[in-house]
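**Student:** File structure_13.cif follows (mmCIF, C-alpha atoms):
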```cif
data_target
#
loop_
_atom_site.label_atom_id
_atom_site.label_comp_id
_atom_site.auth_asym_id
_atom_site.auth_seq_id
_atom_site.Cartn_x
_atom_site.Cartn_y
_atom_site.Cartn_z
CA MET A 1 -164.90 -26.15 189.42
CA ASN A 2 -162.82 -26.12 192.54
CA PRO A 3 -159.66 -24.14 191.80
CA SER A 4 -157.66 -26.65 193.79
CA ASN A 5 -158.57 -29.34 191.25
CA ARG A 6 -157.20 -27.41 188.29
CA SER A 7 -154.03 -28.61 186.57
CA THR A 8 -151.79 -27.01 184.00
CA ILE A 9 -149.99 -28.54 181.08
CA SER A 10 -146.56 -27.15 180.21
CA GLN A 11 -144.01 -28.10 177.62
CA HIS A 12 -140.33 -27.67 178.36
CA ASP A 13 -138.05 -26.34 175.66
CA TRP A 14 -135.24 -28.86 175.92
CA SER A 15 -133.17 -26.87 173.43
CA LEU A 16 -132.39 -24.45 176.28
CA HIS A 17 -130.74 -27.26 178.22
CA ARG A 18 -128.48 -27.96 175.24
CA LYS A 19 -127.84 -24.31 174.43
CA GLY A 20 -124.47 -24.16 176.21
CA ALA A 21 -123.13 -27.29 174.50
CA ILE A 22 -124.45 -26.15 171.11
CA ASP A 23 -122.92 -22.67 171.48
CA GLN A 24 -119.62 -24.19 172.62
CA GLU A 25 -119.52 -26.52 169.63
CA ARG A 26 -120.36 -23.64 167.26
CA HIS A 27 -117.58 -21.57 168.82
CA LYS A 28 -115.09 -24.44 168.37
CA LYS A 29 -116.20 -24.81 164.75
CA LYS A 30 -115.60 -21.08 164.16
CA ILE A 31 -112.13 -21.38 165.67
CA ARG A 32 -111.30 -24.41 163.47
CA GLU A 33 -112.50 -22.58 160.35
CA ALA A 34 -110.50 -19.46 161.26
CA ILE A 35 -107.37 -21.52 161.94
CA LYS A 36 -107.70 -23.28 158.58
CA LYS A 37 -107.97 -19.91 156.82
CA ASN A 38 -104.81 -18.68 158.55
CA LEU A 39 -102.67 -21.82 158.34
CA ALA A 40 -100.01 -20.19 156.15
CA ASP A 41 -99.30 -17.62 158.90
CA ILE A 42 -99.85 -19.97 161.85
CA VAL A 43 -97.42 -22.63 160.57
CA SER A 44 -94.54 -20.15 160.65
CA GLU A 45 -95.51 -18.58 164.01
CA GLU A 46 -92.33 -18.40 166.10
CA SER A 47 -94.15 -19.05 169.39
CA ILE A 48 -95.29 -22.43 168.04
CA ILE A 49 -91.96 -23.47 166.55
CA LEU A 50 -90.27 -22.63 169.87
CA SER A 51 -93.04 -24.16 172.01
CA ASP A 52 -90.53 -26.74 173.31
CA GLY A 53 -92.95 -29.64 173.17
CA LYS A 54 -95.80 -27.96 175.06
CA LYS A 55 -99.09 -29.78 174.56
CA VAL A 56 -101.30 -26.64 174.60
CA ILE A 57 -100.29 -23.58 172.59
CA LYS A 58 -101.80 -20.17 171.90
CA VAL A 59 -102.62 -19.48 168.26
CA PRO A 60 -103.23 -15.88 167.11
CA ILE A 61 -106.19 -15.70 164.70
CA ARG A 62 -106.41 -12.30 163.04
CA SER A 63 -109.67 -12.98 161.20
CA LEU A 64 -111.58 -13.70 164.42
CA GLU A 65 -112.22 -10.88 166.88
CA GLU A 66 -112.27 -11.26 170.66
CA TYR A 67 -115.81 -11.64 171.97
CA ARG A 68 -117.27 -8.53 173.63
CA PHE A 69 -120.52 -6.64 174.03
CA ARG A 70 -120.84 -3.79 171.58
CA TYR A 71 -123.47 -1.41 170.37
CA ASP A 72 -123.84 -0.49 166.69
CA PRO A 73 -120.24 -0.91 165.47
CA GLY A 74 -121.04 0.86 162.20
CA ARG A 75 -122.21 -2.19 160.29
CA GLN A 76 -125.91 -1.50 160.58
CA GLN A 77 -127.73 0.78 158.21
CA HIS A 78 -128.82 4.03 159.76
CA SER A 79 -131.71 6.37 159.11
CA GLY A 80 -132.34 9.89 160.33
CA GLN A 81 -133.77 13.25 159.47
CA GLY A 82 -131.71 15.82 157.62
CA ASN A 83 -132.05 19.61 157.59
CA GLY A 84 -133.12 19.75 153.95
CA LYS A 85 -129.92 21.48 152.76
CA SER A 86 -127.96 18.44 151.57
CA LYS A 87 -127.39 17.71 147.89
CA VAL A 88 -127.08 14.50 145.93
CA GLY A 89 -123.55 13.15 146.36
CA ASP A 90 -122.82 14.83 149.68
CA VAL A 91 -121.06 12.58 152.20
CA VAL A 92 -123.20 12.65 155.34
CA ALA A 93 -121.45 9.93 157.38
CA THR A 94 -118.63 7.43 157.24
CA GLU A 95 -118.31 4.07 158.90
CA PRO A 96 -115.54 3.64 161.47
CA ARG A 97 -112.37 1.99 160.20
CA PRO A 98 -109.26 0.57 161.89
CA GLY A 99 -106.70 3.19 162.83
CA GLN A 100 -103.72 3.79 160.58
CA GLY A 101 -100.48 5.66 160.99
CA LYS A 102 -100.23 9.18 159.55
CA GLY A 103 -97.09 8.47 157.63
CA GLN A 104 -93.69 6.90 157.83
CA GLY A 105 -92.15 7.56 161.22
CA GLU A 106 -95.32 9.06 162.71
CA ALA A 107 -97.46 7.46 165.38
CA GLY A 108 -101.16 6.99 164.63
CA ASP A 109 -103.82 8.13 167.11
CA GLN A 110 -106.61 5.67 166.17
CA PRO A 111 -107.23 2.20 167.64
CA GLY A 112 -106.23 -0.88 165.66
CA VAL A 113 -108.00 -4.21 165.30
CA ASP A 114 -107.70 -6.74 168.12
CA TYR A 115 -107.35 -10.39 167.24
CA TYR A 116 -108.46 -13.55 168.98
CA GLU A 117 -105.88 -15.83 170.60
CA ALA A 118 -107.16 -19.41 170.80
CA GLU A 119 -105.68 -22.22 172.86
CA VAL A 120 -105.39 -25.48 170.97
CA THR A 121 -103.29 -28.56 171.46
CA LEU A 122 -100.37 -29.10 169.15
CA ASP A 123 -101.92 -32.41 168.09
CA GLU A 124 -105.21 -30.67 167.11
CA LEU A 125 -103.32 -28.09 165.07
CA ALA A 126 -101.22 -30.79 163.41
CA ALA A 127 -104.35 -32.75 162.51
CA MET A 128 -105.77 -29.69 160.70
CA ILE A 129 -102.52 -29.04 158.85
CA PHE A 130 -101.97 -32.64 157.74
CA GLU A 131 -105.56 -33.85 157.23
CA ASP A 132 -105.19 -34.48 153.48
CA LEU A 133 -101.41 -35.01 153.19
CA GLY A 134 -99.40 -38.21 152.99
CA LEU A 135 -96.12 -39.72 151.85
CA PRO A 136 -96.24 -39.63 148.03
CA PHE A 137 -95.50 -42.68 145.86
CA LEU A 138 -95.53 -45.04 148.85
CA GLU A 139 -94.66 -48.45 147.39
CA GLU A 140 -95.13 -52.00 148.62
CA LYS A 141 -91.87 -53.43 149.94
CA LYS A 142 -90.81 -56.79 151.30
CA GLN A 143 -91.19 -55.67 154.91
CA ALA A 144 -94.30 -53.98 156.31
CA GLU A 145 -93.69 -52.55 159.77
CA MET A 146 -94.88 -48.94 159.48
CA GLU A 147 -98.28 -48.45 161.12
CA THR A 148 -100.98 -45.98 160.12
CA GLU A 149 -104.01 -45.43 162.32
CA THR A 150 -107.46 -44.72 160.86
CA VAL A 151 -110.88 -44.25 162.43
CA ARG A 152 -113.88 -46.44 161.61
CA PHE A 153 -117.39 -45.67 162.90
CA THR A 154 -118.79 -48.87 164.37
CA ASP A 155 -121.81 -48.19 166.61
CA ILE A 156 -124.64 -45.83 167.54
CA ARG A 157 -125.22 -44.80 171.16
CA LYS A 158 -127.61 -42.58 173.13
CA VAL A 159 -124.85 -40.45 174.66
CA GLY A 160 -121.78 -38.80 173.20
CA PRO A 161 -120.25 -35.47 172.17
CA MET A 162 -122.40 -33.18 170.00
CA ALA A 163 -119.69 -33.25 167.32
CA ASN A 164 -120.56 -36.95 166.73
CA LEU A 165 -124.34 -36.43 166.54
CA ASP A 166 -125.88 -38.74 163.94
CA LYS A 167 -128.51 -36.40 162.52
CA LYS A 168 -130.24 -39.02 160.36
CA ARG A 169 -130.66 -41.50 163.21
CA THR A 170 -131.76 -38.69 165.55
CA ILE A 171 -134.53 -37.64 163.15
CA MET A 172 -135.65 -41.24 162.75
CA GLU A 173 -135.85 -41.78 166.52
CA ASN A 174 -137.82 -38.56 166.95
CA MET A 175 -140.35 -39.56 164.26
CA LYS A 176 -140.71 -43.07 165.73
CA ARG A 177 -141.49 -41.62 169.16
CA ASN A 178 -143.98 -39.14 167.71
CA ALA A 179 -145.60 -41.87 165.57
CA ALA A 180 -146.28 -43.88 168.70
CA HIS A 181 -148.48 -40.96 169.79
CA GLY A 182 -150.25 -40.70 166.42
CA ASP A 183 -148.18 -37.94 164.78
CA PRO A 184 -145.36 -39.39 162.59
CA THR A 185 -143.64 -36.05 161.90
CA PHE A 186 -140.34 -34.52 162.99
CA HIS A 187 -140.87 -32.07 165.86
CA ASP A 188 -140.40 -31.60 169.60
CA ILE A 189 -136.91 -33.12 169.73
CA ARG A 190 -135.87 -34.42 173.15
CA ASN A 191 -132.69 -35.78 174.70
CA GLU A 192 -134.06 -39.33 174.41
CA ASP A 193 -134.13 -38.91 170.61
CA LEU A 194 -130.44 -38.09 170.27
CA ARG A 195 -128.14 -40.71 168.74
CA PHE A 196 -124.34 -40.45 168.51
CA LYS A 197 -121.79 -42.23 166.36
CA THR A 198 -118.94 -44.05 168.07
CA TRP A 199 -115.73 -45.28 166.50
CA GLU A 200 -112.73 -47.47 167.05
CA PRO A 201 -109.20 -47.00 165.75
CA THR A 202 -107.93 -49.48 163.18
CA ILE A 203 -104.26 -50.16 162.51
CA ARG A 204 -103.03 -50.76 158.98
CA TYR A 205 -99.49 -51.89 158.22
CA GLN A 206 -97.59 -50.28 155.36
CA SER A 207 -94.14 -50.69 153.92
CA ASN A 208 -91.24 -49.14 155.77
CA ALA A 209 -90.27 -45.52 155.11
CA VAL A 210 -87.20 -43.48 155.99
CA ILE A 211 -86.79 -39.70 155.70
CA LEU A 212 -83.34 -38.22 155.12
CA ALA A 213 -83.57 -34.63 156.42
CA MET A 214 -80.62 -32.58 155.15
CA MET A 215 -79.99 -28.95 156.13
CA ASP A 216 -77.35 -26.42 155.14
CA THR A 217 -75.80 -24.92 158.30
CA SER A 218 -72.99 -22.97 156.63
CA GLY A 219 -72.10 -19.35 157.34
CA SER A 220 -74.22 -18.06 154.44
CA MET A 221 -77.38 -19.37 156.15
CA GLY A 222 -78.51 -16.38 158.21
CA ASP A 223 -81.09 -16.30 160.99
CA PHE A 224 -84.00 -16.09 158.53
CA GLU A 225 -82.79 -19.00 156.40
CA LYS A 226 -82.13 -21.25 159.40
CA TYR A 227 -85.48 -20.37 160.96
CA ILE A 228 -87.36 -21.22 157.75
CA ALA A 229 -85.52 -24.53 157.33
CA ARG A 230 -86.15 -25.51 160.95
CA SER A 231 -89.81 -24.43 160.67
CA PHE A 232 -90.31 -26.76 157.70
CA TYR A 233 -88.58 -29.67 159.40
CA PHE A 234 -90.44 -29.03 162.68
CA TRP A 235 -93.77 -29.57 160.90
CA MET A 236 -92.41 -32.37 158.73
CA VAL A 237 -91.40 -34.33 161.82
CA ARG A 238 -94.82 -33.63 163.43
CA PHE A 239 -96.51 -34.75 160.22
CA LEU A 240 -94.62 -38.04 160.05
CA ARG A 241 -95.17 -38.85 163.72
CA THR A 242 -98.85 -37.87 163.53
CA LYS A 243 -99.66 -39.91 160.43
CA TYR A 244 -97.26 -42.85 160.68
CA ASN A 245 -95.77 -45.05 163.38
CA ASN A 246 -92.26 -46.50 163.09
CA VAL A 247 -91.16 -44.18 160.30
CA LYS A 248 -87.39 -43.57 160.51
CA ILE A 249 -85.88 -40.06 160.29
CA VAL A 250 -82.17 -39.48 159.71
CA PHE A 251 -80.86 -35.94 160.37
CA ILE A 252 -77.91 -34.63 158.34
CA SER A 253 -76.34 -31.17 158.65
CA HIS A 254 -73.63 -29.87 156.36
CA HIS A 255 -71.33 -26.99 155.45
CA THR A 256 -68.32 -28.08 153.40
CA GLU A 257 -68.58 -31.42 155.21
CA ALA A 258 -71.67 -33.39 156.16
CA LYS A 259 -72.38 -35.36 159.31
CA GLU A 260 -75.28 -37.28 160.81
CA VAL A 261 -76.58 -35.54 163.96
CA THR A 262 -79.20 -36.10 166.63
CA GLU A 263 -82.63 -34.50 166.36
CA GLU A 264 -81.77 -32.01 169.11
CA GLU A 265 -78.50 -31.00 167.41
CA PHE A 266 -80.30 -30.67 164.08
CA PHE A 267 -82.78 -28.11 165.48
CA THR A 268 -80.47 -26.18 167.81
CA HIS A 269 -76.86 -26.19 166.60
CA GLY A 270 -75.48 -23.78 164.01
CA GLU A 271 -72.26 -23.94 162.06
CA SER A 272 -70.10 -21.64 159.94
CA GLY A 273 -67.78 -21.87 156.97
CA GLY A 274 -68.38 -22.51 153.31
CA THR A 275 -70.92 -24.68 151.50
CA GLN A 276 -70.40 -27.91 149.61
CA VAL A 277 -73.84 -29.44 149.06
CA SER A 278 -72.54 -32.61 147.45
CA SER A 279 -71.12 -33.71 150.83
CA ALA A 280 -74.69 -34.12 152.17
CA TYR A 281 -75.81 -36.16 149.16
CA GLU A 282 -72.75 -38.41 149.36
CA LEU A 283 -73.46 -39.10 153.04
CA ALA A 284 -77.14 -39.80 152.24
CA LEU A 285 -76.14 -42.35 149.61
CA GLN A 286 -73.71 -43.97 152.04
CA ILE A 287 -76.41 -44.26 154.75
CA ILE A 288 -78.87 -45.78 152.25
CA GLN A 289 -76.29 -48.33 151.13
CA GLU A 290 -75.40 -49.33 154.70
CA ARG A 291 -78.81 -49.26 156.46
CA PHE A 292 -81.79 -48.85 154.11
CA ASN A 293 -82.00 -51.30 151.25
CA PRO A 294 -84.39 -49.80 148.63
CA ASP A 295 -85.97 -53.26 148.26
CA ASP A 296 -87.17 -52.98 151.85
CA TRP A 297 -87.62 -49.22 152.33
CA ASN A 298 -89.46 -46.26 150.85
CA ILE A 299 -86.81 -43.52 150.90
CA TYR A 300 -87.50 -39.76 150.98
CA PRO A 301 -84.53 -37.33 150.97
CA PHE A 302 -85.24 -33.62 151.64
CA HIS A 303 -82.69 -30.85 151.52
CA PHE A 304 -82.95 -27.16 152.50
CA SER A 305 -80.31 -24.58 151.63
CA ASP A 306 -79.91 -20.98 150.53
CA GLY A 307 -78.32 -22.31 147.33
CA ASP A 308 -74.99 -20.52 147.82
CA ASN A 309 -72.90 -23.50 146.80
CA LEU A 310 -69.37 -23.73 145.46
CA PRO A 311 -69.85 -23.17 141.69
CA TRP A 312 -67.75 -26.17 140.64
CA ASP A 313 -69.86 -28.41 142.93
CA ASN A 314 -73.21 -27.80 141.19
CA GLU A 315 -72.82 -30.34 138.40
CA ARG A 316 -71.74 -32.98 140.90
CA CYS A 317 -74.89 -32.23 142.92
CA VAL A 318 -77.06 -32.82 139.83
CA ALA A 319 -75.39 -36.18 139.21
CA LEU A 320 -75.83 -37.23 142.87
CA VAL A 321 -79.49 -36.16 142.92
CA GLU A 322 -80.15 -38.28 139.82
CA LYS A 323 -78.42 -41.21 141.51
CA LEU A 324 -80.52 -40.71 144.64
CA MET A 325 -83.73 -40.63 142.61
CA GLU A 326 -82.92 -44.08 141.22
CA LEU A 327 -83.20 -45.36 144.81
CA CYS A 328 -85.80 -43.01 146.29
CA ASN A 329 -89.52 -42.30 145.98
CA ILE A 330 -89.07 -38.54 145.61
CA PHE A 331 -86.33 -35.97 146.19
CA GLY A 332 -87.40 -32.65 147.73
CA TYR A 333 -85.23 -29.53 147.49
CA GLY A 334 -86.17 -26.27 149.21
CA GLU A 335 -84.25 -23.07 148.50
CA ILE A 336 -84.60 -20.17 150.93
CA ARG A 337 -84.08 -16.74 149.37
CA GLU A 338 -85.13 -13.90 151.67
CA GLY A 339 -87.06 -11.20 149.82
CA HIS A 340 -88.69 -11.53 146.40
CA TYR A 341 -85.97 -9.41 144.82
CA ARG A 342 -83.38 -12.19 145.03
CA SER A 343 -83.01 -14.38 142.00
CA SER A 344 -82.58 -18.14 142.08
CA SER A 345 -79.13 -19.48 142.88
CA THR A 346 -76.75 -21.17 140.46
CA LEU A 347 -77.59 -24.44 142.24
CA MET A 348 -81.32 -24.06 141.53
CA SER A 349 -80.48 -23.15 137.93
CA ALA A 350 -78.44 -26.35 137.65
CA TYR A 351 -81.38 -28.35 139.04
CA GLY A 352 -83.52 -26.91 136.22
CA LYS A 353 -81.97 -29.56 133.98
CA ILE A 354 -83.63 -32.36 135.98
CA GLN A 355 -86.89 -33.46 134.33
CA ASP A 356 -87.74 -36.41 136.56
CA PRO A 357 -91.23 -35.89 138.17
CA LYS A 358 -89.84 -37.38 141.39
CA PHE A 359 -87.71 -34.24 141.80
CA ILE A 360 -89.72 -31.50 143.55
CA ALA A 361 -88.20 -28.07 144.14
CA VAL A 362 -89.63 -25.03 145.94
CA THR A 363 -88.35 -21.54 146.65
CA ILE A 364 -89.27 -19.86 149.94
CA SER A 365 -88.80 -16.13 150.35
CA ASP A 366 -91.32 -15.45 153.12
CA LYS A 367 -92.48 -17.21 156.30
CA SER A 368 -95.98 -17.69 154.89
CA GLU A 369 -94.56 -19.96 152.15
CA VAL A 370 -93.56 -22.75 154.57
CA TYR A 371 -97.08 -24.21 154.57
CA PRO A 372 -97.41 -24.27 150.73
CA ALA A 373 -94.02 -26.02 150.63
CA LEU A 374 -95.28 -28.71 153.01
CA ARG A 375 -98.35 -29.22 150.84
CA ARG A 376 -96.28 -29.40 147.66
CA PHE A 377 -93.90 -32.02 149.05
CA PHE A 378 -96.51 -34.16 150.79
CA ALA A 379 -99.47 -33.88 148.45
CA THR A 380 -101.29 -37.08 147.59
CA ARG A 381 -100.39 -37.79 143.97
CA ASP A 382 -101.84 -39.85 141.17
CA ALA A 383 -99.95 -42.43 139.11
CA ALA A 384 -98.60 -39.69 136.81
CA GLY A 385 -97.18 -37.78 139.78
CA ILE A 386 -99.74 -34.96 139.63
CA PRO A 387 -100.84 -33.66 143.08
CA VAL A 388 -104.48 -34.41 143.85
CA SER A 389 -104.68 -32.98 147.39
CA ALA A 390 -102.66 -29.78 147.13
CA PRO A 391 -101.94 -27.05 144.58
#
```
In structure tokens, how does this file's structure come out?
**Tutor:**
Amino acid sequence: MNPSNRSTISQHDWSLHRKGAIDQERHKKKIREAIKKNLADIVSEESIILSDGKKVIKVPIRSLEEYRFRYDPGRQQHSGQGNGKSKVGDVVATEPRPGQGKGQGEAGDQPGVDYYEAEVTLDELAAMIFEDLGLPFLEEKKQAEMETETVRFTDIRKVGPMANLDKKRTIMENMKRNAAHGDPTFHDIRNEDLRFKTWEPTIRYQSNAVILAMMDTSGSMGDFEKYIARSFYFWMVRFLRTKYNNVKIVFISHHTEAKEVTEEEFFTHGESGGTQVSSAYELALQIIQERFNPDDWNIYPFHFSDGDNLPWDNERCVALVEKLMELCNIFGYGEIREGHYRSSSTLMSAYGKIQDPKFIAVTISDKSEVYPALRRFFATRDAAGIPVSAP
């Protein structure tokens, strides 16, 4: 046969063409999983709270190492030849470990563990934090102006992001193509086999909701207490504006007197002086009476304080909270007590008398407890008031 008449048959491995996209998607998935595992620390990260509205932020992930080339980091099993003099139980080698200090006040001489710093948008991070949370006990009211946006998959297309790959339809298309050539099995997947799900947003109207955000700004609230309170409210506001449209938020700050403030003043201004918590509750009741009829609104008051209230004011606070709960869906109280050694305040002890399931109280003594507090307040609940989406 003339060599010039010869032909060759080759089969391209199309998986190589998709390798970059597949690796990128796997990397993104790893980052999402690592972020979810570290949410308690990430939520209270100061660089995020003070991001000043930036759309892209850097998130430190301490369970995910920076990518690098490395040779035998001590995780593989080793084999070798000894000199015949060792005995059973002798330590012949140790695996490398992160460096530690030699003692209090002394500098260590071993390297530590680097961590990965991922760039994500604030909206992406918020979506992970709030994916299974919602306003509890949301009731039908006369007016329905608050919008919630959901996603509904509506079509299948031949192009799209790998994250939306419809595996079932892709397998079916591959088998149909192979069957046309006499082999109805799943193999030799090609780009023409791929099918992707597409979606469209759907708007659902719910009853109106208003949040009354109350914060103690008295002199007893130190830097830690104010930072924790603002961290919680930072994420609460993001949560409400991520999940719901047209929800109203009223900001109230108080010391011995309470006043309604702007959102910027609420997050930036500090005060001094004593503490009279009842002043905030009285103002909240006044605002509800004047602007938010409970027949038309779902009402959610939240209050954060260190609990150092005037002793004679505690019983009045209990009576006002009970009055608020007659009008509201829930009442959330967060007490910030730095360090686990500090006992609950006299105010929290007074609130121990309240048995209504609509009253939810948390104590925060560490930055990592901001995220559990969010989940406790905004857990989806059943008819009996038991959380079904959060511990």
**Student:** Hey, which of A:Gly160, A:Asn208, A:Thr217, A:Pro136 ends up closest to A:Pro294? Count only C-alpha atoms.
**Tutor:**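 Counting only C-alpha atoms, the residue closest to A:Pro294 is A:Asn208.
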**Student:** Could I get the residues of stretch 248-316 of chain A with an atom no further than 12 Å from an atom of stretch 372-381 of chain A, each paired with its nearest atom pair and that distance in Å to one decimal, using all atoms listed in the file, sorted by chain and residue number, as CSV?
**Tutor:**
```
residue,atom,partner,partner_atom,distance
A:Tyr300,CA,A:Phe377,CA,10.2
A:Pro301,CA,A:Phe377,CA,10.9
A:Phe302,CA,A:Phe377,CA,9.2
A:His303,CA,A:Phe377,CA,11.5
A:Phe304,CA,A:Ala373,CA,11.3
```
**Student:** Set the distance at 10 Å and use all atoms listed in the file: which residues neighbour A:Pro161 once local chain neighbours fewer than 3 positions away are removed? I'd like the list as a list in words.
**Tutor:**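 Once the adjacent positions are removed, what remains is Ala21, Glu25, Asn164, Leu165, Phe196, Lys197 and Thr198 of chain A.
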**Student:** Mind checking which residues fall within 7 Å of stretch 221-235 of chain A, counting only C-alpha atoms, ignoring those fewer than 4 positions away in the same chain, and posting them as a PyMOL selection string?
**Tutor:** chain A and resi 44+49+217+239+267+304+306+336+367+370
**Student:** Quick one: pull the distance between atom CA of A:Ala209 and atom CA of A:Glu326, Å, one decimal.
**Tutor:**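 Atom CA of A:Ala209 sits 15.8 Å away from atom CA of A:Glu326.
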**Student:** Residues within 8 Å of A:Ala361, please, as a compact mmCIF listing (two decimals) with C-alpha atoms, in the coordinates of the input. Count only C-alpha atoms; anything in the same chain fewer than 2 positions from it doesn't count.
**Tutor:**
```
# COMPACT_ATOMS: atom_id res chain seq x y z
CA GLY A 332 -87.40 -32.65 147.73
CA TYR A 333 -85.23 -29.53 147.49
CA GLY A 334 -86.17 -26.27 149.21
CA GLU A 335 -84.25 -23.07 148.50
CA PHE A 359 -87.71 -34.24 141.80
CA THR A 363 -88.35 -21.54 146.65
```
**Student:** For the file shown, report as a CSV table (one decimal) with C-alpha atoms, in the coordinates of the input the outcome of the PyMOL selection byres ((chain A and resi 354) around 12) at residue level.
**Tutor:**
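What ended up in selection.csv:
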```
chain,number,residue,atom,x,y,z
A,315,GLU,CA,-72.8,-30.3,138.4
A,317,CYS,CA,-74.9,-32.2,142.9
A,318,VAL,CA,-77.1,-32.8,139.8
A,319,ALA,CA,-75.4,-36.2,139.2
A,320,LEU,CA,-75.8,-37.2,142.9
A,321,VAL,CA,-79.5,-36.2,142.9
A,322,GLU,CA,-80.2,-38.3,139.8
A,323,LYS,CA,-78.4,-41.2,141.5
A,325,MET,CA,-83.7,-40.6,142.6
A,331,PHE,CA,-86.3,-36.0,146.2
A,333,TYR,CA,-85.2,-29.5,147.5
A,347,LEU,CA,-77.6,-24.4,142.2
A,348,MET,CA,-81.3,-24.1,141.5
A,349,SER,CA,-80.5,-23.2,137.9
A,350,ALA,CA,-78.4,-26.4,137.6
A,351,TYR,CA,-81.4,-28.4,139.0
A,352,GLY,CA,-83.5,-26.9,136.2
A,353,LYS,CA,-82.0,-29.6,134.0
A,355,GLN,CA,-86.9,-33.5,134.3
A,356,ASP,CA,-87.7,-36.4,136.6
A,357,PRO,CA,-91.2,-35.9,138.2
A,358,LYS,CA,-89.8,-37.4,141.4
A,359,PHE,CA,-87.7,-34.2,141.8
A,360,ILE,CA,-89.7,-31.5,143.6
A,361,ALA,CA,-88.2,-28.1,144.1
```
**Student:** In the coordinates of the file, take the point (-71.5, -29.4, 148.5) and a cut-off of 7 Å; then, counting all atoms listed in the file, name each qualifying protein, DNA or RNA residue as a list in words.
**Tutor:**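 Protein and nucleic acid residues near the point are Thr256, Thr275, Gln276, Val277, Ser278, Ser279, Ala280, Asn309, Leu310 and Asp313 of chain A.
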**Student:** How far is it from atom CA of A:Ile299 to atom CA of A:Cys328, in Å with one decimal?
**Tutor:**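 It comes out at 4.7 Å.
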**Student:** Go ahead and compute the interatomic distance for atom CA of A:Leu283 and atom CA of A:His255, in Å to one decimal.
**Tutor:**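 Separation between atom CA of A:Leu283 and atom CA of A:His255: 12.5 Å.
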**Student:** Please list, as a JSON list (two decimals) with C-alpha atoms, in the frame of the given file, the residues that have an atom at most 10 Å away from (-132.0, -40.2, 170.5) in the coordinates of this file, counting all atoms listed in the file.
**Tutor:**
```json
[["chain", "number", "residue", "atom", "x", "y", "z"],
["A", 156, "ILE", "CA", -124.64, -45.83, 167.54],
["A", 157, "ARG", "CA", -125.22, -44.80, 171.16],
["A", 158, "LYS", "CA", -127.61, -42.58, 173.13],
["A", 159, "VAL", "CA", -124.85, -40.45, 174.66],
["A", 165, "LEU", "CA", -124.34, -36.43, 166.54],
["A", 166, "ASP", "CA", -125.88, -38.74, 163.94],
["A", 167, "LYS", "CA", -128.51, -36.40, 162.52],
["A", 169, "ARG", "CA", -130.66, -41.50, 163.21],
["A", 170, "THR", "CA", -131.76, -38.69, 165.55],
["A", 171, "ILE", "CA", -134.53, -37.64, 163.15],
["A", 172, "MET", "CA", -135.65, -41.24, 162.75],
["A", 173, "GLU", "CA", -135.85, -41.78, 166.52],
["A", 174, "ASN", "CA", -137.82, -38.56, 166.95],
["A", 177, "ARG", "CA", -141.49, -41.62, 169.16],
["A", 189, "ILE", "CA", -136.91, -33.12, 169.73],
["A", 190, "ARG", "CA", -135.87, -34.42, 173.15],
["A", 191, "ASN", "CA", -132.69, -35.78, 174.70],
["A", 192, "GLU", "CA", -134.06, -39.33, 174.41],
["A", 193, "ASP", "CA", -134.13, -38.91, 170.61],
["A", 194, "LEU", "CA", -130.44, -38.09, 170.27],
["A", 195, "ARG", "CA", -128.14, -40.71, 168.74],
["A", 196, "PHE", "CA", -124.34, -40.45, 168.51]]
```
